[in-house]
>>> print(open('work-v3.cif').read())   # mmCIF, N, CA and C atoms
data_start
loop_
_atom_site.label_atom_id
_atom_site.label_comp_id
_atom_site.auth_asym_id
_atom_site.auth_seq_id
_atom_site.Cartn_x
_atom_site.Cartn_y
_atom_site.Cartn_z
N MET A 532 18.75 10.38 33.75
CA MET A 532 18.18 9.66 32.63
C MET A 532 16.72 10.06 32.42
N GLN A 533 16.03 10.37 33.49
CA GLN A 533 14.63 10.76 33.38
C GLN A 533 14.49 12.05 32.57
N ALA A 534 15.35 13.01 32.83
CA ALA A 534 15.31 14.28 32.09
C ALA A 534 15.61 14.05 30.61
N PHE A 535 16.54 13.15 30.31
CA PHE A 535 16.86 12.82 28.93
C PHE A 535 15.65 12.24 28.21
N LEU A 536 14.98 11.29 28.86
CA LEU A 536 13.80 10.67 28.26
C LEU A 536 12.70 11.70 28.00
N GLU A 537 12.46 12.56 28.99
CA GLU A 537 11.42 13.58 28.81
C GLU A 537 11.76 14.50 27.64
N TYR A 538 13.02 14.89 27.53
CA TYR A 538 13.44 15.78 26.45
C TYR A 538 13.21 15.13 25.08
N VAL A 539 13.62 13.88 24.93
CA VAL A 539 13.50 13.18 23.65
C VAL A 539 12.03 12.98 23.28
N VAL A 540 11.24 12.48 24.22
CA VAL A 540 9.84 12.17 23.92
C VAL A 540 9.03 13.44 23.67
N LYS A 541 9.27 14.48 24.45
CA LYS A 541 8.53 15.73 24.25
C LYS A 541 8.84 16.34 22.88
N GLY A 542 10.00 16.07 22.34
CA GLY A 542 10.35 16.54 21.01
C GLY A 542 9.64 15.80 19.89
N LEU A 543 9.13 14.62 20.20
CA LEU A 543 8.47 13.79 19.19
C LEU A 543 6.95 14.00 19.13
N VAL A 544 6.34 14.33 20.24
CA VAL A 544 4.87 14.30 20.34
C VAL A 544 4.23 15.65 20.05
N GLN A 545 2.92 15.63 19.80
CA GLN A 545 2.17 16.86 19.57
C GLN A 545 1.59 17.44 20.85
N HIS A 546 1.52 16.64 21.91
CA HIS A 546 1.01 17.10 23.21
C HIS A 546 2.08 16.90 24.28
N PRO A 547 3.16 17.71 24.25
CA PRO A 547 4.26 17.50 25.19
C PRO A 547 3.88 17.75 26.65
N GLU A 548 2.82 18.52 26.90
CA GLU A 548 2.42 18.78 28.27
C GLU A 548 1.83 17.54 28.95
N GLU A 549 1.46 16.53 28.18
CA GLU A 549 0.87 15.31 28.74
C GLU A 549 1.89 14.19 28.93
N VAL A 550 3.15 14.45 28.65
CA VAL A 550 4.19 13.44 28.80
C VAL A 550 4.64 13.39 30.25
N SER A 551 4.68 12.17 30.81
CA SER A 551 5.23 11.99 32.15
C SER A 551 6.08 10.73 32.18
N VAL A 552 7.23 10.84 32.81
CA VAL A 552 8.15 9.72 32.95
C VAL A 552 8.33 9.46 34.44
N THR A 553 8.00 8.23 34.87
CA THR A 553 8.07 7.87 36.28
C THR A 553 9.05 6.72 36.47
N PRO A 554 10.10 6.90 37.27
CA PRO A 554 11.02 5.79 37.53
C PRO A 554 10.47 4.85 38.60
N VAL A 555 10.61 3.54 38.34
CA VAL A 555 10.17 2.51 39.28
C VAL A 555 11.32 1.52 39.43
N GLU A 556 11.70 1.23 40.68
CA GLU A 556 12.78 0.27 40.95
C GLU A 556 12.21 -1.13 41.08
N ARG A 557 12.75 -2.07 40.29
CA ARG A 557 12.35 -3.48 40.39
C ARG A 557 13.56 -4.37 40.20
N GLY A 558 13.88 -5.11 41.21
CA GLY A 558 14.96 -6.10 41.11
C GLY A 558 16.30 -5.52 40.69
N GLY A 559 16.69 -4.39 41.23
CA GLY A 559 17.98 -3.80 40.89
C GLY A 559 18.00 -3.09 39.56
N GLN A 560 16.85 -2.93 38.95
CA GLN A 560 16.75 -2.28 37.65
C GLN A 560 15.76 -1.13 37.73
N THR A 561 16.03 -0.05 37.06
CA THR A 561 15.11 1.08 37.02
C THR A 561 14.28 0.98 35.75
N ILE A 562 12.98 0.95 35.92
CA ILE A 562 12.06 0.91 34.79
C ILE A 562 11.38 2.26 34.71
N TYR A 563 11.55 2.93 33.59
CA TYR A 563 10.91 4.23 33.39
C TYR A 563 9.57 4.00 32.70
N GLU A 564 8.50 4.39 33.39
CA GLU A 564 7.16 4.23 32.84
C GLU A 564 6.79 5.52 32.12
N LEU A 565 6.49 5.40 30.84
CA LEU A 565 6.18 6.55 30.00
C LEU A 565 4.68 6.62 29.77
N ARG A 566 4.08 7.74 30.18
CA ARG A 566 2.65 7.97 29.96
C ARG A 566 2.52 9.19 29.07
N LEU A 567 1.63 9.09 28.07
CA LEU A 567 1.42 10.20 27.16
C LEU A 567 0.03 10.13 26.56
N ASN A 568 -0.32 11.14 25.78
CA ASN A 568 -1.61 11.19 25.12
C ASN A 568 -1.71 10.00 24.16
N PRO A 569 -2.83 9.26 24.17
CA PRO A 569 -2.96 8.09 23.28
C PRO A 569 -2.77 8.42 21.80
N ALA A 570 -3.08 9.64 21.40
CA ALA A 570 -2.89 10.03 20.00
C ALA A 570 -1.41 10.11 19.62
N ASP A 571 -0.53 10.26 20.60
CA ASP A 571 0.91 10.38 20.35
C ASP A 571 1.64 9.04 20.42
N ALA A 572 0.96 7.99 20.83
CA ALA A 572 1.63 6.70 21.01
C ALA A 572 2.27 6.21 19.71
N GLY A 573 1.59 6.38 18.60
CA GLY A 573 2.13 5.94 17.31
C GLY A 573 3.40 6.67 16.94
N ARG A 574 3.49 7.94 17.29
CA ARG A 574 4.70 8.73 16.99
C ARG A 574 5.89 8.22 17.80
N VAL A 575 5.65 7.84 19.04
CA VAL A 575 6.74 7.37 19.90
C VAL A 575 7.15 5.95 19.52
N ILE A 576 6.19 5.12 19.15
CA ILE A 576 6.50 3.74 18.79
C ILE A 576 7.20 3.68 17.42
N GLY A 577 6.70 4.41 16.44
CA GLY A 577 7.31 4.43 15.11
C GLY A 577 6.95 3.19 14.31
N LYS A 578 7.40 3.17 13.08
CA LYS A 578 7.11 2.03 12.20
C LYS A 578 7.83 0.80 12.72
N GLN A 579 7.07 -0.24 12.97
CA GLN A 579 7.56 -1.53 13.47
C GLN A 579 8.38 -1.37 14.75
N GLY A 580 8.08 -0.32 15.53
CA GLY A 580 8.74 -0.13 16.82
C GLY A 580 10.14 0.44 16.73
N GLN A 581 10.53 0.96 15.60
CA GLN A 581 11.90 1.43 15.43
C GLN A 581 12.23 2.61 16.34
N THR A 582 11.30 3.54 16.49
CA THR A 582 11.59 4.74 17.29
C THR A 582 11.75 4.40 18.76
N ILE A 583 10.82 3.63 19.32
CA ILE A 583 10.92 3.30 20.74
C ILE A 583 12.12 2.39 21.00
N ASN A 584 12.44 1.53 20.07
CA ASN A 584 13.63 0.68 20.24
C ASN A 584 14.91 1.51 20.21
N ALA A 585 14.95 2.56 19.40
CA ALA A 585 16.11 3.45 19.37
C ALA A 585 16.23 4.21 20.68
N ILE A 586 15.10 4.68 21.22
CA ILE A 586 15.12 5.38 22.51
C ILE A 586 15.60 4.43 23.61
N ARG A 587 15.13 3.19 23.57
CA ARG A 587 15.56 2.20 24.58
C ARG A 587 17.06 1.94 24.47
N ALA A 588 17.58 1.87 23.25
CA ALA A 588 19.01 1.61 23.06
C ALA A 588 19.83 2.77 23.62
N LEU A 589 19.40 4.02 23.37
CA LEU A 589 20.10 5.17 23.93
C LEU A 589 20.05 5.17 25.45
N LEU A 590 18.89 4.82 26.00
CA LEU A 590 18.74 4.76 27.45
C LEU A 590 19.67 3.71 28.05
N GLN A 591 19.72 2.54 27.46
CA GLN A 591 20.58 1.48 27.98
C GLN A 591 22.06 1.84 27.87
N ALA A 592 22.45 2.48 26.77
CA ALA A 592 23.85 2.86 26.61
C ALA A 592 24.24 3.94 27.62
N GLY A 593 23.37 4.93 27.79
CA GLY A 593 23.66 5.99 28.75
C GLY A 593 23.68 5.50 30.18
N SER A 594 22.77 4.61 30.52
CA SER A 594 22.74 4.10 31.89
C SER A 594 23.89 3.15 32.16
N ALA A 595 24.33 2.41 31.15
CA ALA A 595 25.46 1.50 31.34
C ALA A 595 26.74 2.28 31.64
N LYS A 596 26.88 3.46 31.05
CA LYS A 596 28.05 4.30 31.34
C LYS A 596 28.07 4.72 32.80
N GLN A 597 26.89 4.85 33.40
CA GLN A 597 26.79 5.24 34.80
C GLN A 597 26.73 4.03 35.73
N GLY A 598 26.81 2.83 35.17
CA GLY A 598 26.78 1.62 35.97
C GLY A 598 25.38 1.24 36.41
N LEU A 599 24.36 1.66 35.68
CA LEU A 599 22.97 1.37 36.04
C LEU A 599 22.33 0.47 34.98
N ARG A 600 21.23 -0.14 35.37
CA ARG A 600 20.43 -0.92 34.42
C ARG A 600 19.07 -0.27 34.33
N CYS A 601 18.70 0.17 33.13
CA CYS A 601 17.43 0.88 32.94
C CYS A 601 16.73 0.35 31.70
N THR A 602 15.40 0.47 31.70
CA THR A 602 14.60 0.14 30.54
C THR A 602 13.41 1.07 30.49
N LEU A 603 12.67 1.03 29.39
CA LEU A 603 11.55 1.93 29.17
C LEU A 603 10.31 1.12 28.83
N GLU A 604 9.19 1.47 29.48
CA GLU A 604 7.90 0.84 29.19
C GLU A 604 6.90 1.93 28.86
N LEU A 605 6.12 1.69 27.82
CA LEU A 605 5.05 2.61 27.43
C LEU A 605 3.78 2.14 28.12
N ILE A 606 3.19 2.99 28.97
CA ILE A 606 1.99 2.65 29.73
C ILE A 606 0.78 3.26 29.04
N ASP A 607 -0.24 2.44 28.84
CA ASP A 607 -1.47 2.92 28.18
C ASP A 607 -2.27 3.85 29.06
#
>>> encode(input="work-v3.cif", output="structure tokens")
Amino acid sequence: MQAFLEYVVKGLVQHPEEVSVTPVERGGQTIYELRLNPADAGRVIGKQGQTINAIRALLQAGSAKQGLRCTLELID
């Protein structure tokens, strides 16, 4: 799932070399912490959060197929 997230986010941003996705385990759930250039945050979030919510939905659907619980957090 980490490779999937990196692929999707790097395709959206202008500074793909600054994208990092770090998995953190909390309470039986994997939280992927996304760090990127502050100038690219708006591109990943999208209008009214539509883009990041779509990425989260894809992540949850893909992880559910594997029997996992995952979510995505954007870290400043």
>>> resolve_selection(input="work-v3.cif", expression="the PyMOL selection byres (((chain A and resi 534-539 and name CA) around 9) and name CA)", output="list in words")
Met532, Gln533, Val540, Lys541, Gly542, Leu543, Pro547, Val550, Ser551, Val552, Tyr563, Leu565, Ile586 and Leu590 of chain A
>>> atom_distance(input="work-v3.cif", atom1="atom N of A:Gly559", atom2="atom C of A:Gly580")
25.8 Å
>>> atom_distance(input="work-v3.cif", atom1="atom CA of A:Arg574", atom2="atom CA of A:Leu603")
15.5 Å
>>> select_by_dssp(input="work-v3.cif", residues="chain A", states="alpha helix (DSSP H)", output="ChimeraX atom specification")
/A:533-543,572-576,581-596
>>> closest_residue(input="work-v3.cif", among="A:Arg600, A:His546, A:Arg557, A:Arg587", to="A:Pro569", atoms="only C-alpha atoms")
A:His546
>>> residues_around(input="work-v3.cif", residues="A:Asp607", least_positions_apart="5", cutoff="10 Å", atoms="only C-alpha atoms", output="PyMOL selection string")
chain A and resi 564-569+572
>>> write_last_selection(input="work-v3.cif", atoms="N, CA and C atoms", output="PDB file, in the frame of the given file")
ATOM      1  N   GLU A 564       8.500   4.390  33.390  1.00  0.00           N
ATOM      2  CA  GLU A 564       7.160   4.230  32.840  1.00  0.00           C
ATOM      3  C   GLU A 564       6.790   5.520  32.120  1.00  0.00           C
ATOM      4  N   LEU A 565       6.490   5.400  30.840  1.00  0.00           N
ATOM      5  CA  LEU A 565       6.180   6.550  30.000  1.00  0.00           C
ATOM      6  C   LEU A 565       4.680   6.620  29.770  1.00  0.00           C
ATOM      7  N   ARG A 566       4.080   7.740  30.180  1.00  0.00           N
ATOM      8  CA  ARG A 566       2.650   7.970  29.960  1.00  0.00           C
ATOM      9  C   ARG A 566       2.520   9.190  29.070  1.00  0.00           C
ATOM     10  N   LEU A 567       1.630   9.090  28.070  1.00  0.00           N
ATOM     11  CA  LEU A 567       1.420  10.200  27.160  1.00  0.00           C
ATOM     12  C   LEU A 567       0.030  10.130  26.560  1.00  0.00           C
ATOM     13  N   ASN A 568      -0.320  11.140  25.780  1.00  0.00           N
ATOM     14  CA  ASN A 568      -1.610  11.190  25.120  1.00  0.00           C
ATOM     15  C   ASN A 568      -1.710  10.000  24.160  1.00  0.00           C
ATOM     16  N   PRO A 569      -2.830   9.260  24.170  1.00  0.00           N
ATOM     17  CA  PRO A 569      -2.960   8.090  23.280  1.00  0.00           C
ATOM     18  C   PRO A 569      -2.770   8.420  21.800  1.00  0.00           C
ATOM     19  N   ALA A 572       0.960   7.990  20.830  1.00  0.00           N
ATOM     20  CA  ALA A 572       1.630   6.700  21.010  1.00  0.00           C
ATOM     21  C   ALA A 572       2.270   6.210  19.710  1.00  0.00           C
TER      22      ALA A 572
END
>>> select_by_dssp(input="work-v3.cif", residues="chain A", states="strand (DSSP E or B)", output="JSON, numbers by chain")
{"A": [551, 552, 553, 554, 555, 556, 557, 560, 561, 562, 563, 564, 565, 566, 601, 602, 603, 604, 605, 606]}
>>> residues_around(input="work-v3.cif", residues="A:Val575", least_positions_apart="4", cutoff="8 Å", atoms="all atoms listed in the file", output="PDB file with N, CA and C atoms, in the coordinates of the input")
ATOM      1  N   VAL A 540      11.240  12.480  24.220  1.00  0.00           N
ATOM      2  CA  VAL A 540       9.840  12.170  23.920  1.00  0.00           C
ATOM      3  C   VAL A 540       9.030  13.440  23.670  1.00  0.00           C
ATOM      4  N   LEU A 543       9.130  14.620  20.200  1.00  0.00           N
ATOM      5  CA  LEU A 543       8.470  13.790  19.190  1.00  0.00           C
ATOM      6  C   LEU A 543       6.950  14.000  19.130  1.00  0.00           C
ATOM      7  N   VAL A 544       6.340  14.330  20.240  1.00  0.00           N
ATOM      8  CA  VAL A 544       4.870  14.300  20.340  1.00  0.00           C
ATOM      9  C   VAL A 544       4.230  15.650  20.050  1.00  0.00           C
ATOM     10  N   ALA A 570      -3.080   9.640  21.400  1.00  0.00           N
ATOM     11  CA  ALA A 570      -2.890  10.030  20.000  1.00  0.00           C
ATOM     12  C   ALA A 570      -1.410  10.110  19.620  1.00  0.00           C
ATOM     13  N   ASP A 571      -0.530  10.260  20.600  1.00  0.00           N
ATOM     14  CA  ASP A 571       0.910  10.380  20.350  1.00  0.00           C
ATOM     15  C   ASP A 571       1.640   9.040  20.420  1.00  0.00           C
ATOM     16  N   GLY A 580       8.080  -0.320  15.530  1.00  0.00           N
ATOM     17  CA  GLY A 580       8.740  -0.130  16.820  1.00  0.00           C
ATOM     18  C   GLY A 580      10.140   0.440  16.730  1.00  0.00           C
ATOM     19  N   GLN A 581      10.530   0.960  15.600  1.00  0.00           N
ATOM     20  CA  GLN A 581      11.900   1.430  15.430  1.00  0.00           C
ATOM     21  C   GLN A 581      12.230   2.610  16.340  1.00  0.00           C
ATOM     22  N   THR A 582      11.300   3.540  16.490  1.00  0.00           N
ATOM     23  CA  THR A 582      11.590   4.740  17.290  1.00  0.00           C
ATOM     24  C   THR A 582      11.750   4.400  18.760  1.00  0.00           C
ATOM     25  N   ILE A 583      10.820   3.630  19.320  1.00  0.00           N
ATOM     26  CA  ILE A 583      10.920   3.300  20.740  1.00  0.00           C
ATOM     27  C   ILE A 583      12.120   2.390  21.000  1.00  0.00           C
ATOM     28  N   ASN A 584      12.440   1.530  20.070  1.00  0.00           N
ATOM     29  CA  ASN A 584      13.630   0.680  20.240  1.00  0.00           C
ATOM     30  C   ASN A 584      14.910   1.510  20.210  1.00  0.00           C
TER      31      ASN A 584
END
>>> residues_around(input="work-v3.cif", residues="A:Gln560", least_positions_apart="5", cutoff="8 Å", atoms="all atoms listed in the file", output="mmCIF file with N, CA and C atoms, keeping the file's coordinate frame")
data_model
loop_
_atom_site.group_PDB
_atom_site.id
_atom_site.type_symbol
_atom_site.label_atom_id
_atom_site.label_comp_id
_atom_site.auth_asym_id
_atom_site.auth_seq_id
_atom_site.Cartn_x
_atom_site.Cartn_y
_atom_site.Cartn_z
ATOM 1 N N VAL A 555 10.610 3.540 38.340
ATOM 2 C CA VAL A 555 10.170 2.510 39.280
ATOM 3 C C VAL A 555 11.320 1.520 39.430
ATOM 4 N N LEU A 599 24.360 1.660 35.680
ATOM 5 C CA LEU A 599 22.970 1.370 36.040
ATOM 6 C C LEU A 599 22.330 0.470 34.980
ATOM 7 N N ARG A 600 21.230 -0.140 35.370
ATOM 8 C CA ARG A 600 20.430 -0.920 34.420
ATOM 9 C C ARG A 600 19.070 -0.270 34.330
ATOM 10 N N CYS A 601 18.700 0.170 33.130
ATOM 11 C CA CYS A 601 17.430 0.880 32.940
ATOM 12 C C CYS A 601 16.730 0.350 31.700
ATOM 13 N N THR A 602 15.400 0.470 31.700
ATOM 14 C CA THR A 602 14.600 0.140 30.540
ATOM 15 C C THR A 602 13.410 1.070 30.490
#
>>> atom_distance(input="work-v3.cif", atom1="atom CA of A:Ile576", atom2="atom CA of A:Leu605")
8.8 Å
>>> decode(input="work-v3.cif", residues="stretch 556-567 of chain A", atoms="N, CA, C and O atoms", output="mmCIF file, in the first residue's frame")
data_model
loop_
_atom_site.group_PDB
_atom_site.id
_atom_site.type_symbol
_atom_site.label_atom_id
_atom_site.label_comp_id
_atom_site.auth_asym_id
_atom_site.auth_seq_id
_atom_site.Cartn_x
_atom_site.Cartn_y
_atom_site.Cartn_z
ATOM 1 N N GLU A 556 2.029 2.058 13.015
ATOM 2 C CA GLU A 556 1.009 1.160 13.562
ATOM 3 C C GLU A 556 0.425 1.760 14.837
ATOM 4 O O GLU A 556 1.156 2.109 15.758
ATOM 5 N N ARG A 557 -0.908 1.883 14.876
ATOM 6 C CA ARG A 557 -1.591 2.363 16.083
ATOM 7 C C ARG A 557 -2.893 1.598 16.260
ATOM 8 O O ARG A 557 -3.773 1.672 15.417
ATOM 9 N N GLY A 558 -2.990 0.885 17.332
ATOM 10 C CA GLY A 558 -4.233 0.200 17.678
ATOM 11 C C GLY A 558 -4.747 -0.748 16.607
ATOM 12 O O GLY A 558 -5.936 -0.755 16.321
ATOM 13 N N GLY A 559 -3.881 -1.529 16.007
ATOM 14 C CA GLY A 559 -4.304 -2.486 14.988
ATOM 15 C C GLY A 559 -4.589 -1.866 13.639
ATOM 16 O O GLY A 559 -5.136 -2.505 12.760
ATOM 17 N N GLN A 560 -4.254 -0.608 13.480
ATOM 18 C CA GLN A 560 -4.496 0.102 12.230
ATOM 19 C C GLN A 560 -3.184 0.706 11.733
ATOM 20 O O GLN A 560 -2.382 1.185 12.527
ATOM 21 N N THR A 561 -2.967 0.697 10.448
ATOM 22 C CA THR A 561 -1.782 1.308 9.865
ATOM 23 C C THR A 561 -2.151 2.710 9.395
ATOM 24 O O THR A 561 -3.073 2.881 8.596
ATOM 25 N N ILE A 562 -1.435 3.693 9.904
ATOM 26 C CA ILE A 562 -1.640 5.078 9.496
ATOM 27 C C ILE A 562 -0.445 5.483 8.663
ATOM 28 O O ILE A 562 0.691 5.429 9.130
ATOM 29 N N TYR A 563 -0.699 5.868 7.426
ATOM 30 C CA TYR A 563 0.368 6.320 6.542
ATOM 31 C C TYR A 563 0.494 7.832 6.676
ATOM 32 O O TYR A 563 -0.459 8.560 6.403
ATOM 33 N N GLU A 564 1.660 8.271 7.126
ATOM 34 C CA GLU A 564 1.914 9.696 7.292
ATOM 35 C C GLU A 564 2.559 10.217 6.014
ATOM 36 O O GLU A 564 3.616 9.762 5.611
ATOM 37 N N LEU A 565 1.912 11.187 5.391
ATOM 38 C CA LEU A 565 2.371 11.741 4.127
ATOM 39 C C LEU A 565 3.027 13.089 4.372
ATOM 40 O O LEU A 565 2.406 13.998 4.913
ATOM 41 N N ARG A 566 4.298 13.196 3.984
ATOM 42 C CA ARG A 566 5.034 14.453 4.085
ATOM 43 C C ARG A 566 5.424 14.885 2.685
ATOM 44 O O ARG A 566 5.883 14.061 1.886
ATOM 45 N N LEU A 567 5.236 16.175 2.402
ATOM 46 C CA LEU A 567 5.577 16.690 1.088
ATOM 47 C C LEU A 567 5.876 18.179 1.171
ATOM 48 O O LEU A 567 5.734 18.784 2.227
#
